[in-house]
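Visitor: Structure file structure.txt, compact mmCIF, C-alpha atoms and all ligand atoms, is pasted below:
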```txt
# COMPACT_ATOMS: atom_id res chain seq x y z
CA MET A 73 9.88 13.13 36.56
CA SER A 74 10.26 11.26 33.33
CA GLU A 75 12.92 12.16 30.84
CA PHE A 76 10.79 10.77 28.12
CA PRO A 77 10.58 13.17 25.14
CA ARG A 78 7.42 15.25 25.14
CA ILE A 79 6.48 14.22 21.65
CA PHE A 80 5.77 10.77 23.08
CA HIS A 81 3.77 12.03 26.03
CA SER A 82 0.05 11.43 26.12
CA VAL A 83 -2.08 14.35 25.00
CA GLU A 84 -5.04 12.85 26.81
CA PHE A 85 -3.22 12.46 30.14
CA ASP A 86 -1.03 15.52 29.70
CA GLY A 87 2.19 13.70 30.59
CA PRO A 88 3.98 10.40 30.01
CA PHE A 89 1.78 7.35 29.43
CA GLN A 90 1.40 5.52 32.72
CA ARG A 91 -0.47 2.34 31.93
CA CYS A 92 -1.27 -0.16 29.23
CA LEU A 93 -4.39 0.57 27.23
CA ASN A 94 -5.40 -3.08 27.34
CA CYS A 95 -4.39 -4.69 30.67
CA GLU A 96 -4.08 -1.39 32.54
CA SER A 97 -0.87 -2.45 34.28
CA THR A 98 1.29 0.52 35.14
CA PHE A 99 4.53 0.69 33.21
CA ASP A 100 6.70 1.23 36.26
CA GLU A 101 5.61 -2.13 37.70
CA LEU A 102 5.83 -4.15 34.49
CA ALA A 103 8.86 -6.30 33.75
CA VAL A 104 8.40 -5.84 30.00
CA PRO A 105 8.79 -2.79 27.76
CA HIS A 106 5.85 -0.95 26.26
CA ILE A 107 5.14 0.60 22.90
CA ILE A 108 3.75 4.05 22.30
CA SER A 109 2.10 5.05 19.05
CA LYS A 110 0.84 8.47 18.00
CA ALA A 111 -0.61 9.68 14.71
CA PHE A 112 -0.36 13.29 13.61
CA ARG A 113 -2.23 15.39 11.13
CA GLY A 114 -0.19 18.54 10.77
CA PRO A 115 0.87 19.62 14.24
CA GLU A 116 -2.10 17.94 15.88
CA CYS A 117 -2.02 14.49 17.47
CA VAL A 118 -5.18 12.77 16.29
CA PHE A 119 -4.65 9.34 17.79
CA GLU A 120 -2.48 7.84 20.52
CA TYR A 121 -2.08 4.72 22.61
CA ALA A 122 0.43 2.78 24.68
CA LEU A 123 0.45 -1.00 24.99
CA CYS A 124 2.68 -3.24 27.08
CA GLN A 125 4.70 -5.76 25.13
CA ASN A 126 2.62 -8.67 26.44
CA CYS A 127 -0.61 -7.19 25.13
CA HIS A 128 1.04 -6.02 21.93
CA GLY A 129 2.48 -9.48 21.35
CA GLU A 130 -0.88 -11.13 21.97
CA MET A 131 -2.50 -8.79 19.51
CA VAL A 132 0.04 -9.50 16.78
CA GLU A 133 -0.23 -13.23 17.51
CA SER A 134 -3.95 -12.98 16.95
CA PHE A 135 -3.46 -11.63 13.42
CA SER A 136 -3.97 -14.23 10.72
CA GLU A 137 -0.87 -16.08 9.57
CA GLU A 138 -1.24 -14.60 6.11
CA SER A 139 -1.39 -11.05 7.47
CA ARG A 140 1.70 -11.59 9.57
CA PHE A 141 3.55 -13.07 6.64
CA ASN A 142 2.56 -10.17 4.38
CA LEU A 143 3.61 -7.59 6.95
CA GLU A 144 6.98 -9.25 7.38
CA THR A 145 7.45 -9.39 3.63
CA PHE A 146 6.55 -5.72 3.33
CA PHE A 147 9.09 -4.77 5.99
CA ARG A 148 11.81 -6.93 4.48
CA ALA A 149 11.24 -5.37 1.07
CA ASN A 150 10.99 -1.77 2.23
CA VAL A 151 13.03 -1.27 5.35
CA ASP A 152 16.74 -1.74 5.81
CA LEU A 153 16.97 -1.84 9.59
CA ASP A 154 20.67 -2.73 9.54
CA ALA A 155 21.61 0.28 7.42
CA ARG A 156 19.49 2.49 9.60
CA SER A 157 21.02 1.07 12.72
CA GLU A 158 24.51 1.72 11.37
CA LYS A 159 23.66 5.26 10.33
CA LEU A 160 22.16 6.13 13.69
CA ALA A 161 24.46 4.03 15.84
CA GLU A 162 24.97 5.42 19.33
CA ASN A 163 22.70 8.31 18.47
CA GLU A 164 20.16 8.90 21.22
CA HIS A 165 18.61 12.08 19.87
CA HIS A 166 15.10 10.87 19.20
CA THR A 167 14.53 13.58 16.59
CA ASP A 168 17.24 12.04 14.40
CA TRP A 169 15.39 8.72 14.47
CA LEU A 170 12.14 10.43 13.52
CA LYS A 171 13.30 12.82 10.83
CA GLU A 172 12.43 10.70 7.81
CA CYS A 173 9.88 8.03 6.92
CA LEU A 174 11.12 4.57 7.84
CA THR A 175 10.18 3.17 4.44
CA CYS A 176 10.26 5.98 1.83
CA GLN A 177 12.65 8.42 3.58
CA THR A 178 10.44 11.44 3.02
CA PRO A 179 11.55 14.13 5.50
CA VAL A 180 9.06 14.74 8.30
CA GLN A 181 8.85 18.46 7.54
CA ASP A 182 7.37 17.60 4.12
CA LEU A 183 4.63 15.47 5.62
CA LYS A 184 1.16 16.39 6.69
CA GLU A 185 0.18 12.97 7.99
CA TYR A 186 2.47 10.58 9.78
CA SER A 187 2.72 8.34 12.78
CA ILE A 188 5.50 7.83 15.28
CA ALA A 189 6.23 4.93 17.60
CA ALA A 190 8.62 4.38 20.47
CA LEU A 191 9.67 1.52 22.69
CA ALA A 192 10.14 2.28 26.36
CA PHE A 193 11.14 0.47 29.49
CA GLY A 194 9.79 2.17 32.58
CA ASP A 195 10.48 5.82 31.82
CA GLN A 196 13.47 5.16 29.55
CA MET A 197 13.39 5.15 25.79
CA VAL A 198 14.86 2.06 24.11
CA PHE A 199 16.70 2.75 20.85
CA ASP A 200 17.01 0.79 17.63
CA PRO A 201 14.88 0.09 15.68
CA PHE A 202 12.56 2.41 17.61
CA PRO A 203 11.73 5.23 17.69
CA ARG A 204 10.44 5.39 14.16
CA MET A 205 8.26 7.56 11.97
CA MET A 206 6.14 6.48 9.03
CA CYS A 207 4.32 8.70 6.55
CA GLY A 208 0.58 8.35 5.98
CA GLY A 209 1.15 6.94 2.48
CA CYS A 210 3.46 4.17 3.67
CA GLU A 211 1.21 3.47 6.64
CA PHE A 212 -1.59 2.96 4.14
CA LYS A 213 0.52 0.61 2.02
CA MET A 214 1.50 -1.35 5.09
CA GLN A 215 -2.10 -1.73 6.10
CA GLU A 216 -2.98 -3.02 2.65
CA GLN A 217 -0.91 -6.05 3.65
CA ILE A 218 -3.28 -7.28 6.29
CA SER A 219 -6.47 -9.19 5.64
CA VAL A 220 -9.93 -7.72 6.07
CA SER A 221 -10.62 -9.96 9.06
CA THR A 222 -7.39 -8.92 10.79
CA ARG A 223 -8.18 -5.31 9.98
CA ASP A 224 -11.68 -5.67 11.48
CA GLN A 225 -10.29 -7.38 14.54
CA TRP A 226 -7.78 -4.60 15.12
CA ASP A 227 -10.43 -1.91 14.58
CA ARG A 228 -12.67 -3.65 17.13
CA PHE A 229 -9.85 -3.89 19.61
CA VAL A 230 -9.08 -0.20 19.30
CA ARG A 231 -12.70 0.88 19.33
CA ASN A 232 -13.36 -1.12 22.51
CA HIS A 233 -10.69 0.91 24.24
CA PHE A 234 -11.52 4.40 23.11
CA GLU A 235 -14.29 6.67 24.10
CA GLY A 236 -15.42 9.72 22.23
CA PRO A 237 -15.45 10.04 18.47
CA PRO A 238 -15.25 6.85 16.43
CA ALA A 239 -11.67 5.90 15.80
CA GLU A 240 -12.04 6.21 12.04
CA ALA A 241 -12.80 9.89 12.45
CA LEU A 242 -9.45 10.35 14.14
CA THR A 243 -6.95 9.06 11.66
CA PRO A 244 -5.65 10.12 8.29
CA ASP A 245 -7.40 8.18 5.50
CA GLY A 246 -9.78 6.58 7.98
CA ARG A 247 -7.39 3.92 9.18
CA ILE A 248 -5.93 3.18 12.54
CA PRO A 249 -2.15 2.80 12.65
CA VAL A 250 -1.33 -0.86 13.13
CA LEU A 251 1.77 -1.72 15.08
CA ALA A 252 3.72 -4.54 13.54
ZN ZN B 301 -0.91 -4.74 28.70
ZN ZN B 302 6.79 6.94 3.61
```
What do you get writing this file as structure tokens?
Ligand SMILES: [Zn+2]
Ligand SMILES: [Zn+2]
Guide:
Amino acid sequence: MSEFPRIFHSVEFDGPFQRCLNCESTFDELAVPHIISKAFRGPECVFEYALCQNCHGEMVESFSEESRFNLETFFRANVDLDARSEKLAENEHHTDWLKECLTCQTPVQDLKEYSIAALAFGDQMVFDPFPRMMCGGCEFKMQEQISVSTRDQWDRFVRNHFEGPPAEALTPDGRIPVLA
């Protein structure tokens, strides 16, 4: 049994994520960590996926240089990872890492739309800077940083991997959370 917090379990699979959305390798046989992302509207998870670090890295690499630069600039301007790391040092209660927006510090209980992300190795959670939570508003601002072509490419990637309702119907403000 996994000790992984339930909030990061897959709703679709009713348990911990087992394999990468893209390459379908199982996480217990991969030598690299994986990243889990879930978007919530109120109490309901409206979107979720898990990607191994190889596939995630390839995806980010495929973003245009400008988009990557803008995302980095946005993070540098809005997130103080060192201060956060110091504040939460040695703290392995995932809820403490998720209790306020990474960029605007709005408390999670005041939010209707937000996304959370975690880094995991096998069935263990890896701390700092993950896990993190970002409000819908900041998510939107972050996504304004990437170019239309990168945006389209990411949307296509996600849509190719999901069945059922179109991805844009699943997320707050019609956008798919981009991992950066
Ligand atoms: Zn993969
Ligand atoms: Zn925010």
Visitor: At a cut-off of 9 Å around ligand ZN 301 (chain B), and using only C-alpha atoms and all ligand atoms, what residues come up? Please write them as a PyMOL selection string.
Guide: chain A and resi 91-99+102+106+122-128
Visitor: Taking into account all atoms listed in the file, which residue in the set A:Ala149, A:Leu160, A:Cys210, A:Ala111 is nearest to A:Cys173?
Guide: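 The shortest atom-to-atom distance to A:Cys173 comes from A:Cys210.
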Visitor: Could you list, as a ChimeraX atom specification, all protein and nucleic acid residues with an atom at most 7 Å from ligand ZN 302 (chain B), counting all atoms listed in the file?
Guide: /A:173-178,206-210
Visitor: What does the structure give for the distance between atom CA of A:Ser134 and atom CA of A:Asp224, in Å to one decimal?
Guide: 12.0 Å
Visitor: Of the candidates A:Phe112, A:Trp226, A:Phe141, A:Phe202, which one gets nearest to A:Lys184 if we count all atoms listed in the file?
Guide: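 The answer is A:Phe112, which sits nearest to A:Lys184.
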Visitor: Rounded to one decimal place, report the atom CA of A:Phe193-atom CA of A:Glu133 distance in Å.
Guide: 21.5 Å
Visitor: Counting only C-alpha atoms, which of A:Phe146, A:Phe199, A:Phe234, A:Phe229 gets nearest to A:Gln217?
Guide: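 That would be A:Phe146, the residue with the smallest distance to A:Gln217.
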Visitor: Let me make sure I understand: among A:Gln90, A:Ser136, A:Ser109, A:Ser82, which one has the smallest atom-to-atom distance to A:Ile218 if we use only C-alpha atoms?
Guide: A:Ser136
Visitor: Mind listing as a VMD selection string all residues within 6 Å of (-0.6, 5.3, 8.9), counting all atoms listed in the file?
Guide: chain A and resid 187 208 211 to 212 249
Visitor: Pull C-alpha atoms from the residues just selected and write them as a tab-separated table (two decimals), in the coordinates of the input.
Guide:
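Output saved as again.tsv:
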```
chain	number	residue	atom	x	y	z
A	187	SER	CA	2.72	8.34	12.78
A	208	GLY	CA	0.58	8.35	5.98
A	211	GLU	CA	1.21	3.47	6.64
A	212	PHE	CA	-1.59	2.96	4.14
A	249	PRO	CA	-2.15	2.80	12.65
```
Visitor: Could you check which of A:Asp227, A:Asp200, A:Glu158, A:Asp195 is closest to A:Arg78, using only C-alpha atoms?
Guide: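 Going through A:Asp227, A:Asp200, A:Glu158, A:Asp195 one by one, the smallest distance to A:Arg78 is for A:Asp195.
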Visitor: Could you jot down the atom CA of A:Ala161 to atom CA of A:Arg204 separation for me, Å, one decimal place?
Guide: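 Distance between the two atoms: 14.2 Å.
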Visitor: Could you check the closest approach to A:Lys110 for each of A:Phe85, A:Phe147, A:Phe80, A:Trp169 and tell me which residue wins, using only C-alpha atoms?
Guide: A:Phe80
Visitor: Using all atoms of stretch 150-164 of chain A listed in the file and a margin of 3 Å per side, can you give the axis-aligned box centre and edge lengths in Å to one decimal, as AutoDock Vina command-line options?
Guide:
```
--center_x 18.0 --center_y 3.1 --center_z 11.7 --size_x 20.0 --size_y 17.6 --size_z 25.0
```
